[in-house]
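Data file: run-v3.cif. Format and content: mmCIF, C-alpha atoms.
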data_my_file
#
loop_
_atom_site.group_PDB
_atom_site.id
_atom_site.type_symbol
_atom_site.label_atom_id
_atom_site.label_comp_id
_atom_site.auth_asym_id
_atom_site.auth_seq_id
_atom_site.Cartn_x
_atom_site.Cartn_y
_atom_site.Cartn_z
ATOM 1 C CA MET A 1 131.444 193.029 -122.476
ATOM 2 C CA ASN A 2 130.062 189.700 -123.643
ATOM 3 C CA PRO A 3 130.060 189.203 -127.431
ATOM 4 C CA GLN A 4 126.722 189.297 -129.229
ATOM 5 C CA ARG A 5 125.255 186.028 -130.423
ATOM 6 C CA PRO A 6 125.405 185.767 -134.248
ATOM 7 C CA ASP A 7 122.039 185.647 -136.010
ATOM 8 C CA ARG A 8 120.809 182.726 -138.097
ATOM 9 C CA ASP A 9 121.835 184.255 -141.434
ATOM 10 C CA THR A 10 125.376 184.821 -140.186
ATOM 11 C CA LEU A 11 125.644 181.234 -138.949
ATOM 12 C CA MET A 12 124.440 179.860 -142.287
ATOM 13 C CA ALA A 13 126.963 181.990 -144.163
ATOM 14 C CA TYR A 14 129.688 180.865 -141.728
ATOM 15 C CA ALA A 15 128.810 177.204 -142.300
ATOM 16 C CA ASP A 16 128.820 177.804 -146.076
ATOM 17 C CA GLY A 17 132.217 179.542 -145.949
ATOM 18 C CA GLN A 18 130.724 182.769 -147.350
ATOM 19 C CA LEU A 19 131.625 185.204 -144.541
ATOM 20 C CA ASP A 20 134.480 187.664 -144.916
ATOM 21 C CA ALA A 21 137.473 187.397 -142.595
ATOM 22 C CA ALA A 22 136.258 190.054 -140.149
ATOM 23 C CA ARG A 23 132.795 188.548 -139.654
ATOM 24 C CA SER A 24 134.221 185.022 -139.446
ATOM 25 C CA ALA A 25 136.514 186.224 -136.670
ATOM 26 C CA GLU A 26 133.480 187.566 -134.789
ATOM 27 C CA VAL A 27 131.815 184.144 -134.965
ATOM 28 C CA ASP A 28 135.057 182.482 -133.830
ATOM 29 C CA ARG A 29 135.224 184.826 -130.831
ATOM 30 C CA TYR A 30 131.677 183.936 -129.859
ATOM 31 C CA LEU A 31 132.452 180.224 -130.151
ATOM 32 C CA GLU A 32 135.428 180.730 -127.817
ATOM 33 C CA TYR A 33 133.204 182.642 -125.402
ATOM 34 C CA GLU A 34 130.602 179.860 -125.502
ATOM 35 C CA ALA A 35 133.285 177.228 -124.918
ATOM 36 C CA ARG A 36 134.551 179.084 -121.830
ATOM 37 C CA LEU A 37 131.043 179.218 -120.399
ATOM 38 C CA ALA A 38 130.620 175.504 -120.964
ATOM 39 C CA LEU A 39 133.907 174.729 -119.173
ATOM 40 C CA ASN A 40 132.798 176.812 -116.201
ATOM 41 C CA GLY A 41 129.379 175.190 -116.121
ATOM 42 C CA ASP A 42 127.661 178.489 -116.899
ATOM 43 C CA VAL A 43 124.602 178.933 -119.089
ATOM 44 C CA PRO A 44 124.792 181.359 -122.050
ATOM 45 C CA PRO A 45 122.513 184.376 -121.701
ATOM 46 C CA HIS A 46 120.136 183.010 -124.296
ATOM 47 C CA GLY A 47 118.091 180.655 -122.172
ATOM 48 C CA ALA A 48 117.038 177.405 -123.772
ATOM 49 C CA ARG A 49 118.228 178.338 -127.249
ATOM 50 C CA SER A 50 120.611 175.851 -128.806
ATOM 51 C CA SER A 51 124.304 176.650 -128.690
ATOM 52 C CA VAL A 52 125.962 178.332 -131.644
ATOM 53 C CA SER A 53 128.406 175.462 -132.030
ATOM 54 C CA ALA A 54 125.508 172.993 -132.195
ATOM 55 C CA GLU A 55 123.719 175.088 -134.838
ATOM 56 C CA ILE A 56 126.858 175.341 -136.958
ATOM 57 C CA ALA A 57 127.458 171.602 -136.651
ATOM 58 C CA ALA A 58 123.869 170.914 -137.765
ATOM 59 C CA LEU A 59 124.223 173.257 -140.756
ATOM 60 C CA GLN A 60 127.535 171.667 -141.779
ATOM 61 C CA ALA A 61 125.986 168.208 -141.466
ATOM 62 C CA GLN A 62 123.138 169.336 -143.698
ATOM 63 C CA ASN A 63 125.619 170.622 -146.293
ATOM 64 C CA LEU A 64 127.513 167.334 -146.166
ATOM 65 C CA ALA A 65 124.319 165.333 -146.610
ATOM 66 C CA LEU A 66 123.397 167.465 -149.610
ATOM 67 C CA ARG A 67 126.805 166.978 -151.209
ATOM 68 C CA GLU A 68 126.667 163.229 -150.628
ATOM 69 C CA ALA A 69 123.177 163.065 -152.133
ATOM 70 C CA LEU A 70 124.143 165.069 -155.210
ATOM 71 C CA ALA A 71 127.621 163.661 -155.832
ATOM 72 C CA PRO A 72 126.485 160.500 -157.688
ATOM 73 C CA MET A 73 124.230 162.580 -159.946
ATOM 74 C CA LEU A 74 127.005 165.039 -160.751
ATOM 75 C CA ASP A 75 129.094 162.139 -162.069
ATOM 76 C CA GLU A 76 126.379 161.162 -164.548
ATOM 77 C CA PRO A 77 127.010 162.096 -168.204
ATOM 78 C CA VAL A 78 125.320 165.195 -169.561
ATOM 79 C CA PRO A 79 121.984 164.176 -171.177
ATOM 80 C CA PRO A 80 122.291 164.025 -174.986
ATOM 81 C CA ARG A 81 119.401 166.501 -175.327
ATOM 82 C CA LEU A 82 121.626 169.193 -173.801
ATOM 83 C CA LEU A 83 124.489 168.547 -176.223
ATOM 84 C CA GLN A 84 122.605 169.164 -179.462
ATOM 85 C CA PRO A 85 124.212 171.773 -181.767
ATOM 86 C CA LEU A 86 122.778 175.272 -181.635
ATOM 87 C CA ALA A 87 120.080 175.863 -184.236
ATOM 88 C CA PRO A 88 120.916 178.543 -186.867
ATOM 89 C CA PRO A 89 119.338 181.975 -186.313
ATOM 90 C CA ALA A 90 115.897 182.333 -187.815
ATOM 91 C CA ARG A 91 115.364 184.685 -190.756
ATOM 92 C CA PRO A 92 113.603 187.981 -189.883
ATOM 93 C CA TRP A 93 110.311 186.898 -191.425
ATOM 94 C CA VAL A 94 110.473 183.600 -189.546
ATOM 95 C CA ARG A 95 111.064 185.432 -186.249
ATOM 96 C CA ALA A 96 108.116 187.720 -186.917
ATOM 97 C CA ALA A 97 105.899 184.738 -187.643
ATOM 98 C CA ALA A 98 107.092 183.030 -184.474
ATOM 99 C CA VAL A 99 106.043 186.014 -182.386
ATOM 100 C CA ALA A 100 102.691 186.292 -184.149
ATOM 101 C CA LEU A 101 101.960 182.613 -183.638
ATOM 102 C CA TRP A 102 103.344 182.488 -180.073
ATOM 103 C CA ILE A 103 100.231 181.204 -178.367
ATOM 104 C CA GLY A 104 99.569 178.505 -180.974
ATOM 105 C CA VAL A 105 103.078 177.351 -181.769
ATOM 106 C CA GLY A 106 105.102 178.522 -178.779
ATOM 107 C CA ALA A 107 103.244 176.408 -176.230
ATOM 108 C CA ALA A 108 103.643 173.284 -178.313
ATOM 109 C CA ALA A 109 107.324 173.966 -178.934
ATOM 110 C CA GLY A 110 108.018 175.058 -175.369
ATOM 111 C CA SER A 111 108.986 178.619 -176.284
ATOM 112 C CA LEU A 112 107.431 181.953 -175.261
ATOM 113 C CA ALA A 113 108.353 185.487 -176.312
ATOM 114 C CA THR A 114 109.730 187.501 -173.422
ATOM 115 C CA ARG A 115 109.083 191.109 -172.548
ATOM 116 C CA GLU A 116 112.353 192.270 -174.137
ATOM 117 C CA ALA A 117 111.602 190.365 -177.336
ATOM 118 C CA LEU A 118 108.388 192.315 -177.763
ATOM 119 C CA GLN A 119 110.149 195.597 -177.025
ATOM 120 C CA GLN A 120 112.813 195.050 -179.687
ATOM 121 C CA ASN A 121 110.478 195.350 -182.720
ATOM 122 C CA GLY A 122 109.331 191.776 -182.352
ATOM 123 C CA SER A 123 112.803 190.254 -182.623
ATOM 124 C CA VAL A 124 113.477 187.172 -180.543
ATOM 125 C CA VAL A 125 116.626 186.979 -178.459
ATOM 126 C CA THR A 126 118.452 183.781 -179.392
ATOM 127 C CA ALA A 127 118.448 181.470 -176.386
ATOM 128 C CA GLN A 128 121.837 179.997 -175.618
ATOM 129 C CA ASN A 129 120.274 177.018 -173.881
ATOM 130 C CA GLU A 130 123.092 174.745 -174.993
ATOM 131 C CA SER A 131 125.744 176.915 -173.345
ATOM 132 C CA GLU A 132 127.656 175.533 -170.408
ATOM 133 C CA GLY A 133 126.171 178.074 -167.990
ATOM 134 C CA MET A 134 122.566 177.263 -168.864
ATOM 135 C CA GLN A 135 123.236 173.521 -168.837
ATOM 136 C CA HIS A 136 124.616 173.867 -165.324
ATOM 137 C CA PHE A 137 121.696 176.009 -164.173
ATOM 138 C CA VAL A 138 119.077 173.572 -165.502
ATOM 139 C CA ARG A 139 120.998 170.633 -164.063
ATOM 140 C CA GLN A 140 121.026 172.282 -160.624
ATOM 141 C CA ALA A 141 117.258 172.750 -160.809
ATOM 142 C CA GLU A 142 116.717 169.120 -161.851
ATOM 143 C CA LEU A 143 118.972 167.791 -159.088
ATOM 144 C CA ALA A 144 117.290 169.912 -156.417
ATOM 145 C CA TYR A 145 113.902 168.625 -157.586
ATOM 146 C CA ALA A 146 115.114 165.008 -157.562
ATOM 147 C CA VAL A 147 116.607 165.309 -154.059
ATOM 148 C CA TYR A 148 113.841 167.109 -152.182
ATOM 149 C CA THR A 149 110.456 166.284 -153.749
ATOM 150 C CA PRO A 150 110.548 162.612 -152.614
ATOM 151 C CA ASP A 151 111.381 163.656 -149.032
ATOM 152 C CA ALA A 152 108.427 162.747 -146.824
ATOM 153 C CA ARG A 153 109.833 164.212 -143.588
ATOM 154 C CA ARG A 154 111.368 167.552 -144.543
ATOM 155 C CA PRO A 155 110.795 168.488 -148.177
ATOM 156 C CA VAL A 156 111.116 172.196 -147.309
ATOM 157 C CA GLU A 157 113.314 174.057 -144.817
ATOM 158 C CA VAL A 158 110.831 176.837 -144.027
ATOM 159 C CA ARG A 159 107.080 176.387 -144.284
ATOM 160 C CA GLU A 160 104.805 178.783 -146.175
ATOM 161 C CA GLY A 161 104.233 182.178 -144.569
ATOM 162 C CA SER A 162 105.703 185.659 -144.434
ATOM 163 C CA ASP A 163 108.879 184.373 -142.777
ATOM 164 C CA LEU A 164 109.647 182.323 -145.906
ATOM 165 C CA THR A 165 109.785 185.228 -148.359
ATOM 166 C CA THR A 166 111.465 187.566 -145.861
ATOM 167 C CA TRP A 167 114.197 185.020 -145.146
ATOM 168 C CA LEU A 168 114.832 184.122 -148.796
ATOM 169 C CA SER A 169 114.731 187.764 -149.908
ATOM 170 C CA ARG A 170 117.370 188.666 -147.349
ATOM 171 C CA ARG A 171 119.655 185.792 -148.314
ATOM 172 C CA LEU A 172 119.337 186.320 -152.087
ATOM 173 C CA GLN A 173 119.366 190.132 -151.702
ATOM 174 C CA ARG A 174 116.325 190.646 -153.925
ATOM 175 C CA PRO A 175 112.545 190.462 -153.455
ATOM 176 C CA ILE A 176 111.376 186.857 -153.511
ATOM 177 C CA VAL A 177 107.685 186.270 -154.130
ATOM 178 C CA ALA A 178 105.958 182.968 -153.506
ATOM 179 C CA PRO A 179 102.365 182.812 -154.819
ATOM 180 C CA ASP A 180 100.136 180.834 -152.473
ATOM 181 C CA THR A 181 98.781 178.831 -155.405
ATOM 182 C CA LEU A 182 99.656 178.021 -159.014
ATOM 183 C CA PRO A 183 97.375 176.761 -161.827
ATOM 184 C CA GLY A 184 96.171 173.191 -161.488
ATOM 185 C CA GLY A 185 95.515 173.274 -157.744
ATOM 186 C CA LEU A 186 99.176 173.561 -156.755
ATOM 187 C CA VAL A 187 99.516 174.936 -153.219
ATOM 188 C CA LEU A 188 102.697 176.396 -151.721
ATOM 189 C CA MET A 189 104.376 174.088 -149.192
ATOM 190 C CA GLY A 190 107.411 176.244 -148.395
ATOM 191 C CA GLY A 191 110.979 176.573 -149.554
ATOM 192 C CA ARG A 192 114.654 176.300 -148.769
ATOM 193 C CA LEU A 193 117.986 177.970 -149.425
ATOM 194 C CA LEU A 194 120.419 176.027 -151.616
ATOM 195 C CA PRO A 195 124.031 176.468 -152.735
ATOM 196 C CA GLY A 196 124.103 177.993 -156.198
ATOM 197 C CA MET A 197 127.229 179.752 -157.459
ATOM 198 C CA PRO A 198 129.969 181.518 -155.457
ATOM 199 C CA GLY A 199 128.327 184.537 -153.883
ATOM 200 C CA LYS A 200 124.981 183.660 -155.494
ATOM 201 C CA PRO A 201 122.910 181.293 -153.341
ATOM 202 C CA ALA A 202 119.787 179.764 -154.831
ATOM 203 C CA ALA A 203 116.224 179.394 -153.572
ATOM 204 C CA GLN A 204 113.790 176.553 -154.090
ATOM 205 C CA LEU A 205 110.018 176.839 -153.635
ATOM 206 C CA MET A 206 107.864 173.715 -153.551
ATOM 207 C CA TYR A 207 104.193 173.272 -154.475
ATOM 208 C CA GLN A 208 101.881 170.259 -154.176
ATOM 209 C CA ASP A 209 98.443 169.426 -155.578
ATOM 210 C CA ALA A 210 95.635 167.369 -154.039
ATOM 211 C CA GLN A 211 96.995 164.190 -155.672
ATOM 212 C CA GLY A 212 100.410 164.656 -154.062
ATOM 213 C CA HIS A 213 102.228 165.762 -157.223
ATOM 214 C CA ARG A 214 105.007 168.209 -156.408
ATOM 215 C CA VAL A 215 106.697 170.876 -158.510
ATOM 216 C CA THR A 216 109.627 173.101 -157.609
ATOM 217 C CA VAL A 217 110.657 176.625 -158.553
ATOM 218 C CA TYR A 218 114.440 177.124 -158.591
ATOM 219 C CA LEU A 219 115.926 180.617 -158.951
ATOM 220 C CA ARG A 220 119.293 182.302 -158.606
ATOM 221 C CA GLY A 221 121.420 185.060 -160.085
ATOM 222 C CA MET A 222 123.333 183.959 -163.170
ATOM 223 C CA ALA A 223 127.084 183.520 -162.749
ATOM 224 C CA LYS A 224 127.901 185.503 -165.919
ATOM 225 C CA PRO A 225 126.054 188.103 -168.001
ATOM 226 C CA THR A 226 123.361 186.173 -169.842
ATOM 227 C CA ALA A 227 121.040 187.310 -172.635
ATOM 228 C CA GLU A 228 117.340 187.365 -171.901
ATOM 229 C CA ILE A 229 116.002 183.883 -172.669
ATOM 230 C CA SER A 230 112.408 183.143 -173.549
ATOM 231 C CA PHE A 231 110.607 180.212 -171.959
ATOM 232 C CA ARG A 232 112.300 176.954 -172.914
ATOM 233 C CA ILE A 233 111.446 173.397 -171.963
ATOM 234 C CA VAL A 234 113.740 170.478 -171.239
ATOM 235 C CA PRO A 235 111.545 167.363 -171.488
ATOM 236 C CA GLY A 236 112.445 164.558 -169.168
ATOM 237 C CA LYS A 237 111.249 161.347 -167.576
ATOM 238 C CA PRO A 238 109.395 161.643 -165.376
ATOM 239 C CA ALA A 239 109.816 165.409 -164.776
ATOM 240 C CA SER A 240 110.225 168.229 -167.287
ATOM 241 C CA THR A 241 111.680 171.693 -166.686
ATOM 242 C CA PHE A 242 110.526 175.083 -167.965
ATOM 243 C CA TYR A 243 113.212 177.734 -167.586
ATOM 244 C CA TRP A 244 113.882 181.335 -168.567
ATOM 245 C CA VAL A 245 116.282 184.202 -167.802
ATOM 246 C CA ASP A 246 115.050 187.705 -167.004
ATOM 247 C CA ARG A 247 117.413 190.564 -166.005
ATOM 248 C CA GLN A 248 120.307 188.236 -165.148
ATOM 249 C CA TRP A 249 118.104 186.032 -162.940
ATOM 250 C CA GLY A 250 117.403 182.452 -163.906
ATOM 251 C CA TYR A 251 114.137 180.663 -163.107
ATOM 252 C CA ALA A 252 113.288 176.979 -163.531
ATOM 253 C CA LEU A 253 109.989 175.215 -162.899
ATOM 254 C CA THR A 254 110.326 171.433 -162.665
ATOM 255 C CA GLY A 255 107.571 168.855 -162.261
ATOM 256 C CA ASP A 256 105.945 165.648 -163.459
ATOM 257 C CA LEU A 257 102.840 167.336 -164.852
ATOM 258 C CA PRO A 258 101.352 167.954 -168.314
ATOM 259 C CA ARG A 259 103.314 170.488 -170.337
ATOM 260 C CA ALA A 260 100.312 172.829 -170.646
ATOM 261 C CA GLN A 261 99.922 172.992 -166.863
ATOM 262 C CA LEU A 262 103.625 173.681 -166.343
ATOM 263 C CA LEU A 263 103.438 176.410 -168.961
ATOM 264 C CA ASP A 264 100.461 178.047 -167.213
ATOM 265 C CA ALA A 265 102.333 177.967 -163.901
ATOM 266 C CA ALA A 266 105.472 179.402 -165.516
ATOM 267 C CA ARG A 267 103.475 182.306 -166.970
ATOM 268 C CA VAL A 268 101.990 183.114 -163.552
ATOM 269 C CA LEU A 269 105.456 183.122 -161.985
ATOM 270 C CA TYR A 270 106.872 185.249 -164.796
ATOM 271 C CA GLN A 271 104.144 187.853 -164.286
ATOM 272 C CA ARG A 272 104.606 187.900 -160.513
ATOM 273 C CA TYR A 273 108.376 188.264 -160.616
ATOM 274 C CA THR A 274 108.214 190.941 -163.282
ATOM 275 C CA ALA A 275 105.677 192.922 -161.260
ATOM 276 C CA ASP A 276 107.690 192.620 -158.031
ATOM 277 C CA ASP A 277 111.128 193.314 -159.534
ATOM 278 C CA PRO A 278 112.163 196.880 -158.641
ATOM 279 C CA SER A 279 114.527 196.938 -161.631
ATOM 280 C CA ALA A 280 111.696 196.418 -164.099
ATOM 281 C CA LEU A 281 111.402 199.162 -166.659
ATOM 282 C CA PRO A 282 108.235 201.322 -166.680
ATOM 283 C CA GLY A 283 105.625 199.885 -168.960
ATOM 284 C CA SER A 284 107.336 196.499 -169.220
ATOM 285 C CA THR A 285 105.604 194.508 -166.504
ATOM 286 C CA ALA A 286 103.182 192.480 -168.626
ATOM 287 C CA ALA A 287 104.022 188.987 -169.803
ATOM 288 C CA PRO A 288 103.339 188.173 -173.469
ATOM 289 C CA GLN A 289 99.633 187.966 -174.201
ATOM 290 C CA ALA A 290 97.770 186.085 -176.885
#
Now that the file is in, can you turn its structure into structure tokens?
Amino acid sequence: MNPQRPDRDTLMAYADGQLDAARSAEVDRYLEYEARLALNGDVPPHGARSSVSAEIAALQAQNLALREALAPMLDEPVPPRLLQPLAPPARPWVRAAAVALWIGVGAAAGSLATREALQQNGSVVTAQNESEGMQHFVRQAELAYAVYTPDARRPVEVREGSDLTTWLSRRLQRPIVAPDTLPGGLVLMGGRLLPGMPGKPAAQLMYQDAQGHRVTVYLRGMAKPTAEISFRIVPGKPASTFYWVDRQWGYALTGDLPRAQLLDAARVLYQRYTADDPSALPGSTAAPQA
């Protein structure tokens, strides 16, 4: 019996080196089968579809191009703003005041109270944004933004539509939501799958406004257990990044837009992902309110 043609997800995992030995052997057997057909001048039973070997070669070329594009940036020194010493914990009365004045002070300082902070008697979970893991996560988001937003030909891998969220949800093994619009006239363009951490691929969504400004949403599972982190901002030139961690998933919104607009967009995304996360606790699906 002829072997079954591997699906697209399997081929992408094969090209990324993420398949187990048994499934990799299945792909190898199909490649051998395809090679025998080619030697005999036969056509695979898949009509005009491209060959598996050609698809794998294209995926590997894409991975190589990504590595070559990112390699110079990875050699750059860590920005000084990410190496600042960790601020001492706030006194209880200071933390309570910070929560009470969240809408007035938090937006200006780039910090929002998270759902868990409100549940824990108003205490704020200390954000370890200077830790190596968070530095790496934010850096990945910034690099992905820098590489793909200037691309005029193929800024996204899959255009907006139901196929986008279905595909990304399957690859990241969790529901992925992609609002059609974000505050400030930002409209969803589409998204792509990106390498993240071993066994934890990342997703990038891209939005664009009428003036051509683009922002990206980068998300992936955290490599190690990470405390809930309230909204934080990493200012940059030209783009800034809002990021937060919720239930071991990291989110980063990057764009060259006013801080208030990025904050509004981040709040919308926070609310959507909380509402669509099946692991959310009952009664804990509302983002902080003024």
- Task: Take atom CA of Gly196 of chain A and atom CA of Tyr273 of chain A and report the distance between them in Å, one decimal.
- Result: 19.3 Å
- Message: Going by the chain IDs and residue numbers used in this file, which residues fall under the PyMOL selection byres ((chain A and resi 246-257) around 6)? Write them as a PyMOL selection string.
- Response: chain A and resi 215-222+226+228+238-245+258
- Message: Show me, as a count of residues only, the residues that have an atom within 8 Å of Pro3 of chain A when counting all atoms listed in the file, minus same-chain residues fewer than 3 positions from it.
- Response: 3
- What does the distance from atom CA of Arg159 of chain A to atom CA of Pro179 of chain A come to in Å, to one decimal? 13.2 Å
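Shortest separation to Val187 of chain A among A:Ser162, A:Gln208, A:Gln62, A:Ser230 occurs at residue A:Gln208, atoms counted being all atoms listed in the file.
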- Item | Surrounding residues of Gly191 of chain A excluding itself and chain neighbours under 5 positions, 7 Å, only C-alpha atoms, as number ranges by chain | A: 156-159, 164, 204-206
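Distance check against Ala57 of chain A using all atoms listed in the file: of A:Glu160, A:Asp16, A:Asp180, A:Asp209, the minimum falls on A:Asp16.
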- Counting all atoms listed in the file, closest pick from A:Pro6, A:Ala144, A:Arg36, A:Arg170 relative to Arg23 of chain A is A:Pro6
- Task: Decode the PyMOL selection byres ((chain A and resi 195) around 12) for the given file into explicit residues and return them as an NGL selection string.
- Result: :A and (12-13 or 15-18 or 62-64 or 66-67 or 70 or 137 or 140-141 or 143-144 or 171-172 or 192-194 or 196-204 or 218-221)
- Message: Report, in Å to a single decimal, how far apart atom CA of Gln173 of chain A and atom CA of Arg214 of chain A are.
- Response: 26.6 Å
